[in-house]
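Novice: Have a look at this one.
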Amino acid sequence: MKHSHKGRAVGLRMPRSRGVVSGLLLVILGVWGALIPFVGPRFNFAYTPDRDWTWTTARGWLEVFPGVTTVLGGLLLIFSANRAIAMLGGWLAVLGGAWFVVGGQFAPMLRIGTVGDPIAATDRKRALLEVTYFSGLGALIVFLGGIALARLAVRLARDVEPPGPEPAHEPELVPAGSPYMSAVDQWAPELAGVPSGAITRPRVERFTPSEAAPPAESRRRRGFRRQGADEPGGTSNAYLRRPHPQQ
(Lines give C-alpha, C1' and ligand atoms only; values in the text may rest on other atoms or scores of the structure.)
Protein backbone atom coordinates (compact mmCIF):
# COMPACT_ATOMS: atom_id res chain seq x y z
CA MET A 1 0.00 0.00 0.00
CA LYS A 2 1.31 3.39 -0.93
CA HIS A 3 1.62 6.04 1.74
CA SER A 4 1.28 9.79 1.72
CA HIS A 5 5.05 10.33 1.71
CA LYS A 6 5.43 8.10 -1.35
CA GLY A 7 2.45 9.10 -3.49
CA ARG A 8 -1.10 10.31 -3.52
CA ALA A 9 -2.67 6.84 -3.72
CA VAL A 10 -3.18 5.52 -0.20
CA GLY A 11 -4.86 2.31 0.87
CA LEU A 12 -5.10 0.59 -2.55
CA ARG A 13 -2.63 -2.24 -2.07
CA MET A 14 -3.57 -5.29 -0.03
CA PRO A 15 -2.42 -8.92 0.36
CA ARG A 16 -3.85 -11.24 -2.28
CA SER A 17 -4.97 -13.69 0.37
CA ARG A 18 -7.68 -11.25 1.46
CA GLY A 19 -10.22 -12.43 -1.16
CA VAL A 20 -8.96 -15.88 -2.13
CA VAL A 21 -11.50 -18.01 -0.20
CA SER A 22 -14.57 -16.01 -1.12
CA GLY A 23 -13.34 -15.61 -4.69
CA LEU A 24 -12.85 -19.36 -5.08
CA LEU A 25 -16.34 -20.10 -3.75
CA LEU A 26 -17.83 -17.52 -6.11
CA VAL A 27 -16.05 -19.10 -9.08
CA ILE A 28 -17.47 -22.52 -8.18
CA LEU A 29 -20.99 -21.16 -7.81
CA GLY A 30 -20.73 -19.20 -11.04
CA VAL A 31 -19.58 -22.25 -12.98
CA TRP A 32 -22.45 -24.24 -11.49
CA GLY A 33 -25.02 -21.61 -12.47
CA ALA A 34 -23.69 -21.29 -16.03
CA LEU A 35 -23.30 -25.03 -16.80
CA ILE A 36 -26.11 -26.75 -14.89
CA PRO A 37 -28.80 -25.98 -17.52
CA PHE A 38 -26.71 -27.78 -20.15
CA VAL A 39 -25.69 -30.86 -18.12
CA GLY A 40 -28.72 -31.14 -15.86
CA PRO A 41 -30.93 -32.98 -18.39
CA ARG A 42 -28.40 -35.85 -18.39
CA PHE A 43 -29.28 -36.49 -14.72
CA ASN A 44 -32.98 -35.72 -15.10
CA PHE A 45 -32.46 -32.54 -13.10
CA ALA A 46 -33.35 -29.63 -15.37
CA TYR A 47 -35.93 -27.32 -16.87
CA THR A 48 -37.45 -27.80 -20.29
CA PRO A 49 -36.19 -28.35 -22.93
CA ASP A 50 -34.73 -31.51 -21.36
CA ARG A 51 -31.89 -31.98 -23.86
CA ASP A 52 -28.17 -31.71 -23.21
CA TRP A 53 -26.33 -28.62 -24.44
CA THR A 54 -29.40 -26.94 -25.86
CA TRP A 55 -28.98 -23.18 -26.21
CA THR A 56 -31.89 -20.78 -25.81
CA THR A 57 -32.02 -17.02 -25.40
CA ALA A 58 -33.55 -17.35 -21.95
CA ARG A 59 -30.79 -19.68 -20.79
CA GLY A 60 -28.16 -17.31 -22.10
CA TRP A 61 -29.55 -14.23 -20.33
CA LEU A 62 -30.91 -15.79 -17.16
CA GLU A 63 -28.29 -18.46 -16.40
CA VAL A 64 -25.13 -18.16 -18.49
CA PHE A 65 -24.79 -14.37 -18.24
CA PRO A 66 -25.06 -14.13 -14.41
CA GLY A 67 -22.87 -17.22 -14.03
CA VAL A 68 -20.08 -15.74 -16.17
CA THR A 69 -20.39 -12.44 -14.33
CA THR A 70 -19.99 -14.22 -11.00
CA VAL A 71 -16.95 -16.17 -12.26
CA LEU A 72 -15.31 -12.96 -13.45
CA GLY A 73 -15.89 -11.29 -10.10
CA GLY A 74 -14.44 -14.29 -8.26
CA LEU A 75 -11.32 -14.31 -10.44
CA LEU A 76 -10.74 -10.61 -9.72
CA LEU A 77 -10.99 -11.33 -6.00
CA ILE A 78 -8.49 -14.17 -6.24
CA PHE A 79 -5.75 -12.63 -8.35
CA SER A 80 -6.00 -8.90 -7.65
CA ALA A 81 -3.74 -7.22 -5.10
CA ASN A 82 -5.40 -3.86 -5.70
CA ARG A 83 -8.23 -2.98 -3.36
CA ALA A 84 -10.28 -1.08 -5.98
CA ILE A 85 -10.12 -3.88 -8.57
CA ALA A 86 -10.97 -6.50 -5.97
CA MET A 87 -13.98 -4.48 -4.85
CA LEU A 88 -15.09 -4.28 -8.48
CA GLY A 89 -14.96 -8.08 -8.57
CA GLY A 90 -17.07 -8.24 -5.41
CA TRP A 91 -19.72 -5.97 -6.90
CA LEU A 92 -19.79 -8.00 -10.12
CA ALA A 93 -20.46 -11.13 -8.07
CA VAL A 94 -23.23 -9.39 -6.12
CA LEU A 95 -24.91 -8.19 -9.34
CA GLY A 96 -24.63 -11.67 -10.86
CA GLY A 97 -26.25 -13.25 -7.81
CA ALA A 98 -29.01 -10.67 -7.74
CA TRP A 99 -29.76 -11.35 -11.41
CA PHE A 100 -30.11 -15.07 -10.64
CA VAL A 101 -32.82 -14.16 -8.11
CA VAL A 102 -34.83 -11.48 -9.97
CA GLY A 103 -33.96 -12.18 -13.61
CA GLY A 104 -36.91 -14.49 -14.13
CA GLN A 105 -39.32 -11.76 -13.00
CA PHE A 106 -37.98 -9.28 -15.58
CA ALA A 107 -37.76 -11.79 -18.43
CA PRO A 108 -41.29 -11.22 -19.81
CA MET A 109 -40.83 -7.45 -19.71
CA LEU A 110 -37.45 -7.67 -21.50
CA ARG A 111 -38.82 -10.23 -23.97
CA ILE A 112 -36.01 -12.70 -23.52
CA GLY A 113 -38.26 -15.70 -23.05
CA THR A 114 -38.62 -18.06 -20.10
CA VAL A 115 -36.40 -20.81 -18.76
CA GLY A 116 -39.09 -23.40 -19.21
CA ASP A 117 -40.92 -25.65 -16.77
CA PRO A 118 -39.20 -27.76 -14.11
CA ILE A 119 -39.00 -31.45 -14.97
CA ALA A 120 -40.33 -32.75 -11.67
CA ALA A 121 -43.17 -34.95 -10.57
CA THR A 122 -43.32 -33.70 -6.96
CA ASP A 123 -43.40 -30.29 -5.30
CA ARG A 124 -40.26 -31.08 -3.38
CA LYS A 125 -38.26 -31.54 -6.56
CA ARG A 126 -39.73 -28.36 -8.07
CA ALA A 127 -38.64 -26.40 -5.02
CA LEU A 128 -35.20 -28.01 -5.16
CA LEU A 129 -34.81 -27.05 -8.82
CA GLU A 130 -35.85 -23.47 -8.10
CA VAL A 131 -33.41 -23.14 -5.20
CA THR A 132 -30.42 -24.74 -6.92
CA TYR A 133 -30.93 -23.04 -10.28
CA PHE A 134 -32.04 -19.50 -9.36
CA SER A 135 -33.20 -18.13 -6.00
CA GLY A 136 -31.03 -20.10 -3.58
CA LEU A 137 -27.98 -19.94 -5.82
CA GLY A 138 -28.31 -16.18 -6.30
CA ALA A 139 -28.84 -15.54 -2.57
CA LEU A 140 -25.70 -17.52 -1.70
CA ILE A 141 -23.67 -15.59 -4.29
CA VAL A 142 -24.92 -12.26 -2.93
CA PHE A 143 -24.01 -13.36 0.60
CA LEU A 144 -20.45 -14.34 -0.33
CA GLY A 145 -20.01 -11.19 -2.40
CA GLY A 146 -21.12 -9.07 0.56
CA ILE A 147 -18.62 -10.81 2.84
CA ALA A 148 -15.84 -10.17 0.33
CA LEU A 149 -16.76 -6.48 0.07
CA ALA A 150 -16.84 -6.13 3.85
CA ARG A 151 -13.37 -7.65 4.17
CA LEU A 152 -12.03 -5.39 1.44
CA ALA A 153 -13.49 -2.27 3.03
CA VAL A 154 -11.63 -2.89 6.30
CA ARG A 155 -8.08 -1.57 6.52
CA LEU A 156 -6.15 -3.80 8.87
CA ALA A 157 -3.11 -2.78 10.89
CA ARG A 158 -0.84 -5.05 8.86
CA ASP A 159 -1.79 -3.10 5.72
CA VAL A 160 -0.23 0.07 7.15
CA GLU A 161 3.54 0.42 6.95
CA PRO A 162 4.86 1.96 10.17
CA PRO A 163 6.57 5.29 9.55
CA GLY A 164 10.33 5.40 9.89
CA PRO A 165 12.04 7.27 12.71
CA GLU A 166 12.34 10.97 12.13
CA PRO A 167 15.89 12.39 12.04
CA ALA A 168 16.92 14.07 15.24
CA HIS A 169 17.38 17.83 14.98
CA GLU A 170 20.26 19.13 17.07
CA PRO A 171 19.81 22.61 18.51
CA GLU A 172 21.94 25.33 16.96
CA LEU A 173 24.58 26.47 19.45
CA VAL A 174 25.79 30.05 19.57
CA PRO A 175 29.55 30.39 20.13
CA ALA A 176 30.56 31.96 23.43
CA GLY A 177 31.50 35.63 23.17
CA SER A 178 29.58 36.28 19.94
CA PRO A 179 27.81 39.68 19.84
CA TYR A 180 24.06 39.83 20.34
CA MET A 181 22.06 40.12 17.13
CA SER A 182 18.47 41.21 17.14
CA ALA A 183 15.87 39.84 14.76
CA VAL A 184 16.25 42.88 12.52
CA ASP A 185 20.01 42.33 12.23
CA GLN A 186 19.52 38.67 11.40
CA TRP A 187 17.13 39.52 8.59
CA ALA A 188 19.18 42.39 7.31
CA PRO A 189 20.02 40.78 3.92
CA GLU A 190 16.32 40.17 3.26
CA LEU A 191 15.36 43.70 4.34
CA ALA A 192 17.88 45.40 2.08
CA GLY A 193 15.20 47.05 -0.06
CA VAL A 194 12.96 48.14 2.82
CA PRO A 195 13.15 51.81 3.91
CA SER A 196 14.89 52.32 7.22
CA GLY A 197 11.92 54.19 8.67
CA ALA A 198 9.72 51.12 8.25
CA ILE A 199 11.95 48.95 10.43
CA THR A 200 11.42 49.02 14.17
CA ARG A 201 14.56 48.38 16.15
CA PRO A 202 14.50 47.46 19.84
CA ARG A 203 15.43 50.33 22.16
CA VAL A 204 18.40 49.50 24.31
CA GLU A 205 19.39 52.00 27.04
CA ARG A 206 22.72 51.76 28.77
CA PHE A 207 23.51 53.40 32.11
CA THR A 208 26.84 54.25 33.66
CA PRO A 209 27.47 53.80 37.38
CA SER A 210 27.34 57.59 37.88
CA GLU A 211 23.82 57.72 36.44
CA ALA A 212 22.57 55.00 38.71
CA ALA A 213 19.70 55.73 41.09
CA PRO A 214 20.71 57.41 44.41
CA PRO A 215 20.72 55.29 47.51
CA ALA A 216 17.52 54.91 49.47
CA GLU A 217 18.82 56.94 52.47
CA SER A 218 19.55 59.98 50.30
CA ARG A 219 16.09 59.81 48.69
CA ARG A 220 14.51 59.59 52.15
CA ARG A 221 16.31 62.76 53.44
CA ARG A 222 15.41 64.81 50.37
CA GLY A 223 11.80 63.74 50.77
CA PHE A 224 11.76 64.99 54.36
CA ARG A 225 13.22 68.39 53.39
CA ARG A 226 10.70 68.89 50.58
CA GLN A 227 7.84 67.91 52.83
CA GLY A 228 8.97 70.33 55.55
CA ALA A 229 9.19 73.20 53.09
CA ASP A 230 5.72 72.53 51.70
CA GLU A 231 3.92 72.20 55.08
CA PRO A 232 2.33 75.30 56.65
CA GLY A 233 4.24 74.71 59.85
CA GLY A 234 7.48 75.02 58.07
CA THR A 235 6.62 78.49 56.75
CA SER A 236 5.81 79.88 60.28
CA ASN A 237 9.08 78.57 61.69
CA ALA A 238 11.02 80.31 59.00
CA TYR A 239 9.22 83.55 59.85
CA LEU A 240 10.28 83.32 63.49
CA ARG A 241 13.92 82.72 62.65
CA ARG A 242 14.23 85.80 60.44
CA PRO A 243 14.47 89.39 61.91
CA HIS A 244 11.07 91.01 61.79
CA PRO A 245 10.56 94.74 61.99
CA GLN A 246 8.49 95.74 64.90
CA GLN A 247 5.28 97.60 64.37
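Naming works like this for the C-alpha coordinates: A, B, ... for the chains as they're shown, residue 1 at the start of each chain, ligands 1 onward in shown order.
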Would you list the contacts of Pro49 in chain A as a list in words, taking every protein, DNA or RNA residue within 12 Å and counting only C-alpha atoms, but skipping same-chain residues closer than 4 positions in sequence?
Specialist: Pro37, Phe38, Val39, Gly40, Pro41, Arg42, Asn44, Phe45, Trp53, Thr54, Trp55, Thr56, Ala58, Arg59, Thr114, Val115, Gly116, Asp117, Pro118 and Ile119 of chain A
Novice: I want to know what sits within 12 Å of Arg111 in chain A, based on only C-alpha atoms, with residues of the same chain fewer than 4 positions away left out; could you give that as a list of chain:residue names?
Specialist: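 The residues satisfying every condition are A:Thr57, A:Ala58, A:Trp61, A:Leu62, A:Gly103, A:Gly104, A:Gln105, A:Phe106, A:Ala107.
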Novice: Find the residues near Val64 in chain A: any atom within 8 Å, counting only C-alpha atoms, skip ones fewer than 6 places away on the same chain, and give them as a list in words.
Specialist: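 Once the adjacent positions are removed, what remains is Gly33, Ala34 and Leu35 of chain A.
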Novice: Would you mind exporting N, CA and C atoms of the selected residues as a PDB file, in the first residue's frame?
Specialist:
```pdb
ATOM      1  N   GLY A  33     -23.859 -22.291 -11.907  1.00  0.00           N
ATOM      2  CA  GLY A  33     -25.021 -21.615 -12.475  1.00  0.00           C
ATOM      3  C   GLY A  33     -24.982 -21.521 -13.983  1.00  0.00           C
ATOM      4  N   ALA A  34     -23.794 -21.425 -14.569  1.00  0.00           N
ATOM      5  CA  ALA A  34     -23.694 -21.295 -16.027  1.00  0.00           C
ATOM      6  C   ALA A  34     -23.771 -22.628 -16.748  1.00  0.00           C
ATOM      7  N   LEU A  35     -23.367 -23.733 -16.112  1.00  0.00           N
ATOM      8  CA  LEU A  35     -23.304 -25.030 -16.796  1.00  0.00           C
ATOM      9  C   LEU A  35     -24.439 -25.979 -16.432  1.00  0.00           C
TER      10      LEU A  35
END
```
Novice: What does the distance from CA of Trp32 in chain A to CA of Gly67 in chain A come to in Å, to one decimal?
Specialist: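 Separation between CA of Trp32 in chain A and CA of Gly67 in chain A: 7.5 Å.
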Novice: Residues within 8 Å of Leu26 in chain A, please, as a VMD selection string. Count only C-alpha atoms; anything in the same chain fewer than 5 positions from it doesn't count.
Specialist: chain A and resid 70 to 71 73 to 74 93 141 144 to 145
Novice: So what do you get for CA of Ser17 in chain A versus CA of Ala148 in chain A, distance-wise?
Specialist: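 Interatomic distance here is 11.4 Å.
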Novice: Got a sec: who's within 6 Å of Gly138 in chain A, counting only C-alpha atoms, leaving out chain neighbours fewer than 2 positions off, as a list in words?
Specialist: Gly97, Ala98, Phe100, Val101, Phe134, Ser135, Gly136, Leu140 and Ile141 of chain A
